[in-house]
>>> print(open('my_file21.pdb').read())   # PDB, C-alpha atoms
MODEL        1
ATOM      1  CA  MET A   1       3.519 -13.106 -19.904
ATOM      2  CA  PRO A   2       1.436 -12.225 -16.811
ATOM      3  CA  ARG A   3       3.013 -10.399 -13.898
ATOM      4  CA  PRO A   4       4.436 -12.556 -11.044
ATOM      5  CA  GLU A   5       1.651 -11.662  -8.581
ATOM      6  CA  PHE A   6      -0.893 -13.334 -10.908
ATOM      7  CA  GLN A   7       1.043 -16.588 -11.170
ATOM      8  CA  ALA A   8       1.633 -17.676  -7.560
ATOM      9  CA  PRO A   9       2.029 -16.331  -4.005
ATOM     10  CA  PRO A  10       5.353 -14.494  -3.526
ATOM     11  CA  ASP A  11       6.903 -17.105  -1.240
ATOM     12  CA  VAL A  12       6.050 -19.777  -3.825
ATOM     13  CA  PHE A  13       6.871 -17.863  -7.021
ATOM     14  CA  TYR A  14      10.274 -16.657  -5.808
ATOM     15  CA  ASN A  15      11.773 -20.076  -5.171
ATOM     16  CA  GLU A  16      15.507 -20.736  -5.257
ATOM     17  CA  SER A  17      15.847 -20.850  -9.052
ATOM     18  CA  GLU A  18      13.626 -17.806  -9.640
ATOM     19  CA  ALA A  19      15.432 -15.816  -6.940
ATOM     20  CA  ARG A  20      18.829 -16.463  -8.529
ATOM     21  CA  LYS A  21      17.534 -15.744 -12.026
ATOM     22  CA  TYR A  22      16.034 -12.474 -10.786
ATOM     23  CA  THR A  23      19.240 -11.363  -9.078
ATOM     24  CA  THR A  24      21.580 -12.214 -11.977
ATOM     25  CA  SER A  25      19.524 -10.459 -14.661
ATOM     26  CA  SER A  26      21.369  -7.323 -15.779
ATOM     27  CA  ARG A  27      18.082  -5.795 -16.930
ATOM     28  CA  ILE A  28      16.427  -6.352 -13.548
ATOM     29  CA  ILE A  29      19.461  -4.965 -11.721
ATOM     30  CA  GLU A  30      19.395  -1.803 -13.863
ATOM     31  CA  ILE A  31      15.642  -1.256 -13.411
ATOM     32  CA  GLN A  32      15.786  -1.903  -9.662
ATOM     33  CA  SER A  33      18.672   0.530  -9.263
ATOM     34  CA  ARG A  34      16.874   3.237 -11.242
ATOM     35  CA  ILE A  35      13.587   2.859  -9.365
ATOM     36  CA  SER A  36      15.372   2.758  -5.999
ATOM     37  CA  GLU A  37      17.220   5.976  -6.825
ATOM     38  CA  ARG A  38      13.930   7.641  -7.724
ATOM     39  CA  ALA A  39      12.266   6.359  -4.530
ATOM     40  CA  LEU A  40      15.142   7.720  -2.463
ATOM     41  CA  GLU A  41      14.796  11.052  -4.266
ATOM     42  CA  LEU A  42      11.059  11.179  -3.473
ATOM     43  CA  LEU A  43      11.842  10.274   0.131
ATOM     44  CA  ALA A  44      13.417  13.755   0.421
ATOM     45  CA  LEU A  45      15.669  12.947   3.373
ATOM     46  CA  PRO A  46      17.439  15.936   4.972
ATOM     47  CA  ASN A  47      20.931  16.493   3.594
ATOM     48  CA  ASP A  48      22.621  16.810   6.983
ATOM     49  CA  GLY A  49      25.239  14.097   6.577
ATOM     50  CA  VAL A  50      23.655  11.921   9.273
ATOM     51  CA  PRO A  51      22.862   8.297   8.221
ATOM     52  CA  LYS A  52      19.178   7.426   8.536
ATOM     53  CA  MET A  53      17.492   4.195   9.578
ATOM     54  CA  LEU A  54      15.356   3.161   6.606
ATOM     55  CA  LEU A  55      12.966   0.316   5.896
ATOM     56  CA  ASP A  56      13.038  -1.669   2.629
ATOM     57  CA  ILE A  57       9.714  -3.488   2.356
ATOM     58  CA  GLY A  58       9.881  -6.422  -0.045
ATOM     59  CA  CYS A  59      13.670  -6.128  -0.185
ATOM     60  CA  GLY A  60      14.130  -9.400  -2.081
ATOM     61  CA  SER A  61      17.791 -10.197  -2.680
ATOM     62  CA  GLY A  62      18.917  -6.729  -1.589
ATOM     63  CA  LEU A  63      19.150  -4.953  -4.967
ATOM     64  CA  SER A  64      17.242  -1.900  -3.745
ATOM     65  CA  GLY A  65      19.053  -2.021  -0.418
ATOM     66  CA  GLU A  66      22.375  -1.576  -2.212
ATOM     67  CA  THR A  67      21.196   1.874  -3.319
ATOM     68  CA  LEU A  68      20.444   2.792   0.308
ATOM     69  CA  THR A  69      23.876   1.569   1.372
ATOM     70  CA  GLU A  70      25.582   3.565  -1.389
ATOM     71  CA  HIS A  71      23.956   6.710  -0.015
ATOM     72  CA  GLY A  72      25.319   5.949   3.468
ATOM     73  CA  HIS A  73      22.095   4.847   5.180
ATOM     74  CA  HIS A  74      21.342   1.909   7.464
ATOM     75  CA  TRP A  75      18.381  -0.243   6.511
ATOM     76  CA  ILE A  76      16.158  -3.128   7.553
ATOM     77  CA  GLY A  77      14.804  -5.407   4.834
ATOM     78  CA  TYR A  78      11.493  -7.258   4.967
ATOM     79  CA  ASP A  79      10.593 -10.096   2.596
ATOM     80  CA  ILE A  80       8.347 -13.151   2.619
ATOM     81  CA  SER A  81      10.580 -15.244   0.326
ATOM     82  CA  LYS A  82      13.250 -17.218   2.179
ATOM     83  CA  SER A  83      15.001 -17.974  -1.103
ATOM     84  CA  MET A  84      15.334 -14.271  -1.876
ATOM     85  CA  LEU A  85      16.784 -13.560   1.570
ATOM     86  CA  ASP A  86      19.214 -16.482   1.221
ATOM     87  CA  VAL A  87      20.545 -14.899  -1.971
ATOM     88  CA  ALA A  88      20.808 -11.556  -0.155
ATOM     89  CA  LEU A  89      22.904 -13.216   2.568
ATOM     90  CA  GLU A  90      25.169 -14.814  -0.037
ATOM     91  CA  ARG A  91      25.661 -11.389  -1.621
ATOM     92  CA  GLU A  92      26.608 -10.029   1.834
ATOM     93  CA  THR A  93      24.176  -7.135   1.788
ATOM     94  CA  GLU A  94      24.698  -4.509   4.473
ATOM     95  CA  GLY A  95      21.125  -4.402   5.784
ATOM     96  CA  ASP A  96      19.451  -6.431   8.520
ATOM     97  CA  LEU A  97      17.075  -8.966   6.959
ATOM     98  CA  LEU A  98      13.750 -10.179   8.339
ATOM     99  CA  LEU A  99      11.649 -13.042   6.989
ATOM    100  CA  ALA A 100       8.084 -11.782   7.431
ATOM    101  CA  ASP A 101       4.722 -11.257   5.742
ATOM    102  CA  MET A 102       4.029  -7.525   5.505
ATOM    103  CA  GLY A 103       0.302  -8.306   5.302
ATOM    104  CA  GLN A 104       0.466  -9.305   8.970
ATOM    105  CA  GLY A 105       1.973  -5.971   9.983
ATOM    106  CA  LEU A 106       5.494  -4.775  10.712
ATOM    107  CA  GLY A 107       6.643  -5.727  14.199
ATOM    108  CA  LEU A 108       8.756  -2.653  14.907
ATOM    109  CA  ARG A 109       8.802  -0.205  17.802
ATOM    110  CA  PRO A 110       6.872   3.046  17.299
ATOM    111  CA  GLY A 111       8.719   5.989  15.773
ATOM    112  CA  VAL A 112      12.075   4.274  15.164
ATOM    113  CA  ILE A 113      12.209   4.463  11.341
ATOM    114  CA  ASP A 114      13.306   7.616   9.480
ATOM    115  CA  GLY A 115      11.839   6.566   6.129
ATOM    116  CA  ALA A 116      10.654   3.587   4.103
ATOM    117  CA  ILE A 117      10.781   2.462   0.489
ATOM    118  CA  SER A 118       9.207  -0.449  -1.318
ATOM    119  CA  ILE A 119       9.840  -1.550  -4.892
ATOM    120  CA  SER A 120       7.094  -3.560  -6.615
ATOM    121  CA  ALA A 121       5.741  -5.225  -3.484
ATOM    122  CA  VAL A 122       2.560  -3.547  -2.201
ATOM    123  CA  GLN A 123       0.357  -4.868  -5.046
ATOM    124  CA  TRP A 124       0.852  -8.415  -3.727
ATOM    125  CA  LEU A 125      -1.410  -7.516  -0.787
ATOM    126  CA  CYS A 126      -4.343  -7.025  -3.167
ATOM    127  CA  ASN A 127      -4.449 -10.769  -3.915
ATOM    128  CA  ALA A 128      -6.119 -13.363  -1.706
ATOM    129  CA  ASP A 129      -3.567 -16.166  -1.982
ATOM    130  CA  LYS A 130      -5.126 -18.115   0.902
ATOM    131  CA  SER A 131      -8.687 -18.613   2.110
ATOM    132  CA  SER A 132      -7.778 -16.669   5.256
ATOM    133  CA  HIS A 133      -6.530 -13.651   3.277
ATOM    134  CA  ASP A 134      -8.690 -10.552   3.063
ATOM    135  CA  PRO A 135      -6.883  -7.902   0.944
ATOM    136  CA  ARG A 136      -8.473  -4.958   2.763
ATOM    137  CA  LEU A 137      -7.587  -6.321   6.194
ATOM    138  CA  ARG A 138      -4.035  -7.084   5.082
ATOM    139  CA  LEU A 139      -3.620  -3.575   3.679
ATOM    140  CA  LYS A 140      -5.025  -2.163   6.913
ATOM    141  CA  ALA A 141      -2.545  -4.160   9.016
ATOM    142  CA  PHE A 142       0.363  -3.139   6.790
ATOM    143  CA  PHE A 143      -0.314   0.597   6.592
ATOM    144  CA  GLY A 144      -1.328   0.810  10.252
ATOM    145  CA  SER A 145       1.941  -0.745  11.421
ATOM    146  CA  LEU A 146       3.946   1.315   8.907
ATOM    147  CA  TYR A 147       2.412   4.519  10.260
ATOM    148  CA  ARG A 148       3.269   3.550  13.835
ATOM    149  CA  CYS A 149       6.923   2.658  13.210
ATOM    150  CA  LEU A 150       7.722   5.838  11.240
ATOM    151  CA  ALA A 151       8.950   8.974  13.002
ATOM    152  CA  ARG A 152       6.491  11.879  12.762
ATOM    153  CA  GLY A 153       7.101  13.800   9.556
ATOM    154  CA  ALA A 154       8.933  10.857   7.938
ATOM    155  CA  ARG A 155       8.032   9.667   4.459
ATOM    156  CA  ALA A 156       7.340   6.317   2.848
ATOM    157  CA  VAL A 157       7.693   5.878  -0.931
ATOM    158  CA  LEU A 158       6.065   2.727  -2.269
ATOM    159  CA  GLN A 159       6.467   1.942  -5.971
ATOM    160  CA  PHE A 160       3.727  -0.409  -7.126
ATOM    161  CA  TYR A 161       2.057  -1.908 -10.199
ATOM    162  CA  ALA A 162      -1.728  -1.801  -9.860
ATOM    163  CA  ASP A 163      -3.705  -4.121 -12.123
ATOM    164  CA  ASN A 164      -6.570  -1.627 -12.419
ATOM    165  CA  VAL A 165      -7.938   1.628 -11.037
ATOM    166  CA  LYS A 166      -9.985  -0.176  -8.376
ATOM    167  CA  GLN A 167      -6.869  -1.874  -7.015
ATOM    168  CA  SER A 168      -4.970   1.419  -6.944
ATOM    169  CA  GLU A 169      -7.824   3.128  -5.085
ATOM    170  CA  MET A 170      -7.939   0.297  -2.556
ATOM    171  CA  ILE A 171      -4.227   0.762  -1.774
ATOM    172  CA  VAL A 172      -4.466   4.551  -1.489
ATOM    173  CA  THR A 173      -7.639   4.419   0.624
ATOM    174  CA  ALA A 174      -6.021   2.001   3.094
ATOM    175  CA  ALA A 175      -3.043   4.353   3.445
ATOM    176  CA  MET A 176      -5.212   7.408   4.035
ATOM    177  CA  ARG A 177      -7.335   5.627   6.637
ATOM    178  CA  ALA A 178      -4.164   4.666   8.511
ATOM    179  CA  GLY A 179      -3.482   8.396   8.993
ATOM    180  CA  PHE A 180      -1.038   9.150   6.163
ATOM    181  CA  ALA A 181      -1.089  12.301   4.058
ATOM    182  CA  GLY A 182       0.124  12.219   0.453
ATOM    183  CA  GLY A 183      -0.862  10.651  -2.843
ATOM    184  CA  VAL A 184       0.322   8.995  -6.043
ATOM    185  CA  VAL A 185       3.142  10.386  -8.199
ATOM    186  CA  VAL A 186       3.340   9.018 -11.752
ATOM    187  CA  ASP A 187       6.517   9.221 -13.840
ATOM    188  CA  TRP A 188       6.205   9.013 -17.615
ATOM    189  CA  PRO A 189       2.384   8.723 -17.574
ATOM    190  CA  HIS A 190       2.090   8.406 -21.373
ATOM    191  CA  SER A 191       4.453   5.441 -21.720
ATOM    192  CA  SER A 192       3.184   1.901 -21.325
ATOM    193  CA  LYS A 193       6.725   0.656 -20.675
ATOM    194  CA  ALA A 194       8.444   3.421 -18.708
ATOM    195  CA  LYS A 195       5.413   4.465 -16.617
ATOM    196  CA  LYS A 196       5.997   4.083 -12.883
ATOM    197  CA  SER A 197       3.621   4.842 -10.007
ATOM    198  CA  TYR A 198       4.875   5.856  -6.550
ATOM    199  CA  LEU A 199       2.687   6.178  -3.480
ATOM    200  CA  VAL A 200       4.344   9.011  -1.557
ATOM    201  CA  LEU A 201       3.147   9.131   2.050
ATOM    202  CA  THR A 202       3.950  11.407   4.965
ATOM    203  CA  CYS A 203       3.482  10.253   8.547
ATOM    204  CA  GLY A 204       1.264  12.902  10.123
ATOM    205  CA  PRO A 205      -1.344  15.451   9.043
ATOM    206  CA  PRO A 206      -0.857  17.383   5.771
ATOM    207  CA  SER A 207       1.095  20.648   5.925
ATOM    208  CA  VAL A 208       3.173  22.936   3.726
ATOM    209  CA  ASN A 209       6.144  20.590   4.151
ATOM    210  CA  THR A 210       4.143  17.536   3.027
ATOM    211  CA  SER A 211       3.212  18.790  -0.444
ATOM    212  CA  LEU A 212       3.307  16.065  -3.085
ATOM    213  CA  PRO A 213       6.433  15.953  -5.328
ATOM    214  CA  LYS A 214       6.182  16.289  -9.094
ATOM    215  CA  GLY A 215       6.233  13.368 -11.486
ATOM    216  CA  LYS A 216       8.651  13.094 -14.397
ATOM    217  CA  GLY A 217       7.493  13.591 -17.974
ATOM    218  CA  GLU A 218       8.808  14.977 -21.247
ATOM    219  CA  ASN A 219       7.475  18.537 -21.382
ATOM    220  CA  GLY A 220       3.964  17.144 -21.642
ATOM    221  CA  GLU A 221       4.805  15.131 -24.781
ATOM    222  CA  MET A 222       4.176  11.453 -25.341
ATOM    223  CA  CYS A 223       6.909   9.084 -24.220
ATOM    224  CA  SER A 224       7.513   6.168 -26.603
ATOM    225  CA  ASP A 225       7.291   2.574 -25.398
ATOM    226  CA  ASP A 226      10.954   2.078 -26.248
ATOM    227  CA  ASP A 227      12.103   4.970 -24.064
ATOM    228  CA  ASP A 228      12.980   3.717 -20.600
ATOM    229  CA  ASN A 229      15.098   6.731 -19.673
ATOM    230  CA  GLU A 230      13.633   8.210 -16.494
ATOM    231  CA  SER A 231      16.666  10.187 -15.352
ATOM    232  CA  SER A 232      16.510  13.245 -17.619
ATOM    233  CA  ASP A 233      16.904  16.540 -15.727
ATOM    234  CA  GLU A 234      14.959  18.561 -18.299
ATOM    235  CA  ASP A 235      11.614  16.950 -17.560
ATOM    236  CA  GLY A 236       8.149  18.347 -17.463
ATOM    237  CA  ASP A 237       6.158  17.922 -14.257
ATOM    238  CA  ARG A 238       3.168  15.652 -14.036
ATOM    239  CA  THR A 239       1.360  14.521 -10.928
ATOM    240  CA  VAL A 240      -1.873  12.608 -10.489
ATOM    241  CA  GLY A 241      -3.977  11.421  -7.580
ATOM    242  CA  ILE A 242      -3.496  13.862  -4.711
ATOM    243  CA  TYR A 243      -5.354  12.640  -1.641
ATOM    244  CA  GLU A 244      -5.868  14.378   1.667
ATOM    245  CA  ARG A 245      -6.093  12.636   4.993
ATOM    246  CA  ASN A 246      -9.695  11.858   5.847
ATOM    247  CA  ARG A 247     -11.677   9.086   7.413
ATOM    248  CA  PRO A 248     -15.044   8.747   5.658
ATOM    249  CA  LYS A 249     -17.997   7.811   7.827
ATOM    250  CA  LYS A 250     -19.770   4.567   7.142
ATOM    251  CA  ARG A 251     -23.198   4.913   5.615
ATOM    252  CA  GLN A 252     -26.031   2.835   6.991
ATOM    253  CA  LYS A 253     -28.940   1.754   4.861
ATOM    254  CA  THR A 254     -32.177   3.069   6.315
ATOM    255  CA  LYS A 255     -35.665   3.800   5.141
ATOM    256  CA  LYS A 256     -36.866   7.308   4.492
ATOM    257  CA  ASN A 257     -38.042   7.681   8.084
ATOM    258  CA  GLY A 258     -34.702   6.283   9.289
ATOM    259  CA  LYS A 259     -36.317   3.372  11.191
ATOM    260  CA  GLY A 260     -36.448   0.069   9.331
ATOM    261  CA  LYS A 261     -37.001  -3.469  10.591
ATOM    262  CA  ASP A 262     -33.321  -4.014  11.368
ATOM    263  CA  TRP A 263     -33.260  -0.842  13.452
ATOM    264  CA  LEU A 264     -36.367  -1.965  15.372
ATOM    265  CA  LEU A 265     -34.944  -5.439  16.100
ATOM    266  CA  LYS A 266     -31.692  -3.882  17.282
ATOM    267  CA  LYS A 267     -33.536  -1.527  19.647
ATOM    268  CA  LYS A 268     -35.654  -4.345  21.057
ATOM    269  CA  GLU A 269     -32.524  -6.401  21.743
ATOM    270  CA  GLN A 270     -30.946  -3.438  23.535
ATOM    271  CA  MET A 271     -34.049  -3.051  25.707
ATOM    272  CA  ARG A 272     -34.002  -6.773  26.596
ATOM    273  CA  ARG A 273     -30.367  -6.535  27.707
ATOM    274  CA  ARG A 274     -31.326  -3.643  29.969
ATOM    275  CA  GLY A 275     -33.967  -5.795  31.659
ATOM    276  CA  HIS A 276     -37.090  -4.242  30.117
ATOM    277  CA  ASP A 277     -40.188  -6.243  29.268
ATOM    278  CA  VAL A 278     -40.221  -6.357  25.447
ATOM    279  CA  PRO A 279     -42.804  -8.146  23.239
ATOM    280  CA  ALA A 280     -41.509 -11.227  21.445
ATOM    281  CA  ASP A 281     -40.430 -10.957  17.805
ATOM    282  CA  THR A 282     -42.919 -12.302  15.263
ATOM    283  CA  LYS A 283     -43.338 -12.249  11.513
ATOM    284  CA  TYR A 284     -45.298  -9.034  11.974
ATOM    285  CA  THR A 285     -42.471  -7.227  13.778
ATOM    286  CA  GLY A 286     -41.497  -4.123  11.859
ATOM    287  CA  ARG A 287     -44.131  -4.747   9.174
ATOM    288  CA  LYS A 288     -45.880  -1.670   7.855
ATOM    289  CA  ARG A 289     -49.533  -1.498   8.926
ATOM    290  CA  LYS A 290     -52.261  -1.213   6.326
ATOM    291  CA  SER A 291     -54.103   2.055   6.147
ATOM    292  CA  TYR A 292     -57.704   1.906   7.370
ATOM    293  CA  PHE A 293     -60.647   3.968   6.225
TER     294      PHE A 293
ENDMDL
END
>>> encode(input="my_file21.pdb", output="structure tokens")
Amino acid sequence: MPRPEFQAPPDVFYNESEARKYTTSSRIIEIQSRISERALELLALPNDGVPKMLLDIGCGSGLSGETLTEHGHHWIGYDISKSMLDVALERETEGDLLLADMGQGLGLRPGVIDGAISISAVQWLCNADKSSHDPRLRLKAFFGSLYRCLARGARAVLQFYADNVKQSEMIVTAAMRAGFAGGVVVDWPHSSKAKKSYLVLTCGPPSVNTSLPKGKGENGEMCSDDDDNESSDEDGDRTVGIYERNRPKKRQKTKKNGKGKDWLLKKKEQMRRRGHDVPADTKYTGRKRKSYF
């Protein structure tokens, strides 16, 4: 059966019946709890006894938020599905809930959030569910607003299911261009069932304190498809996809001499705007002259 993000937009797929079925599934509850615990571990919050203000992006019916509450933290939940949030209200979750599309950005004040988690939500931004949706622009809006609302030095841990390598690279590239440092941590990389990918991001430039955590494995051995246990303490370390913060420059297509027809037309237009007398454009403009004997 295909994953939910390939069947319908999130606000359509998670209708009232699907939201209740999702929340009452003992298997889903167990998996959500386990992944949330791991995300909180990767968040590496200081153990000073002070409750933190956290963000749960794609909070759904509040299953992951319960883990944050159990650890004594305050949290704000974002989700696009009204049905999911209605179930969360019925379950009397402790967090503040917001009905919003994360692809349009997070409308929070700068620097007010101490950390953020997201469980199986970011990959939805890679799909164009409407004609107005551009995945790259939606990822840009999301990561840009996430970077702004986090306190400097705070982390965001986003667990996601990428359909392919290209989709994963698109997510990571958008995060790096927003200014984050970090990369992807993979737990149980050899298991098709237990494998989990976490995008671990730090708000601010890379430093000694922003080194990427280690992923869980089994002493480098293969993990069977039937083994879903991710909580063993005697695990080998495995990490993939470390990315540094950089903003690659855009490359422009030019001829060998660096001055093609497009460049010439652009320069002529600039000269016209400055009030210079410029010859009119014709079919010969920018055409290479024949060599004469």
>>> atom_distance(input="my_file21.pdb", atom1="atom CA of A:Leu55", atom2="atom CA of A:Pro189")
27.1 Å
>>> resolve_selection(input="my_file21.pdb", expression="the PyMOL selection byres ((chain A and resi 40-46) around 8)", output="MDAnalysis selection string")
chainID A and resid 36:39 47:48 68 115:117 155:157 200 213
>>> atom_distance(input="my_file21.pdb", atom1="atom CA of A:Asp163", atom2="atom CA of A:Asp79")
21.4 Å
>>> residues_around(input="my_file21.pdb", residues="A:Cys59", least_positions_apart="5", cutoff="10 Å", atoms="only C-alpha atoms", output="ChimeraX atom specification")
/A:64-65,76-81,84-85,88,95,97-98,117-121
>>> resolve_selection(input="my_file21.pdb", expression="the PyMOL selection byres ((chain A and resi 203) around 8)", output="PDB file with C-alpha atoms, in the frame of the given file")
ATOM      1  CA  TYR A 147       2.412   4.519  10.260  1.00  0.00           C
ATOM      2  CA  LEU A 150       7.722   5.838  11.240  1.00  0.00           C
ATOM      3  CA  ALA A 151       8.950   8.974  13.002  1.00  0.00           C
ATOM      4  CA  ARG A 152       6.491  11.879  12.762  1.00  0.00           C
ATOM      5  CA  GLY A 153       7.101  13.800   9.556  1.00  0.00           C
ATOM      6  CA  ALA A 154       8.933  10.857   7.938  1.00  0.00           C
ATOM      7  CA  ARG A 155       8.032   9.667   4.459  1.00  0.00           C
ATOM      8  CA  ALA A 156       7.340   6.317   2.848  1.00  0.00           C
ATOM      9  CA  GLY A 179      -3.482   8.396   8.993  1.00  0.00           C
ATOM     10  CA  PHE A 180      -1.038   9.150   6.163  1.00  0.00           C
ATOM     11  CA  ALA A 181      -1.089  12.301   4.058  1.00  0.00           C
ATOM     12  CA  LEU A 201       3.147   9.131   2.050  1.00  0.00           C
ATOM     13  CA  THR A 202       3.950  11.407   4.965  1.00  0.00           C
ATOM     14  CA  GLY A 204       1.264  12.902  10.123  1.00  0.00           C
ATOM     15  CA  PRO A 205      -1.344  15.451   9.043  1.00  0.00           C
TER      16      PRO A 205
END
>>> atom_distance(input="my_file21.pdb", atom1="atom CA of A:Cys126", atom2="atom CA of A:Ala162")
8.9 Å
>>> closest_residue(input="my_file21.pdb", among="A:Val87, A:Ile113, A:Phe6, A:Lys193", to="A:Lys52", atoms="all atoms listed in the file")
A:Ile113
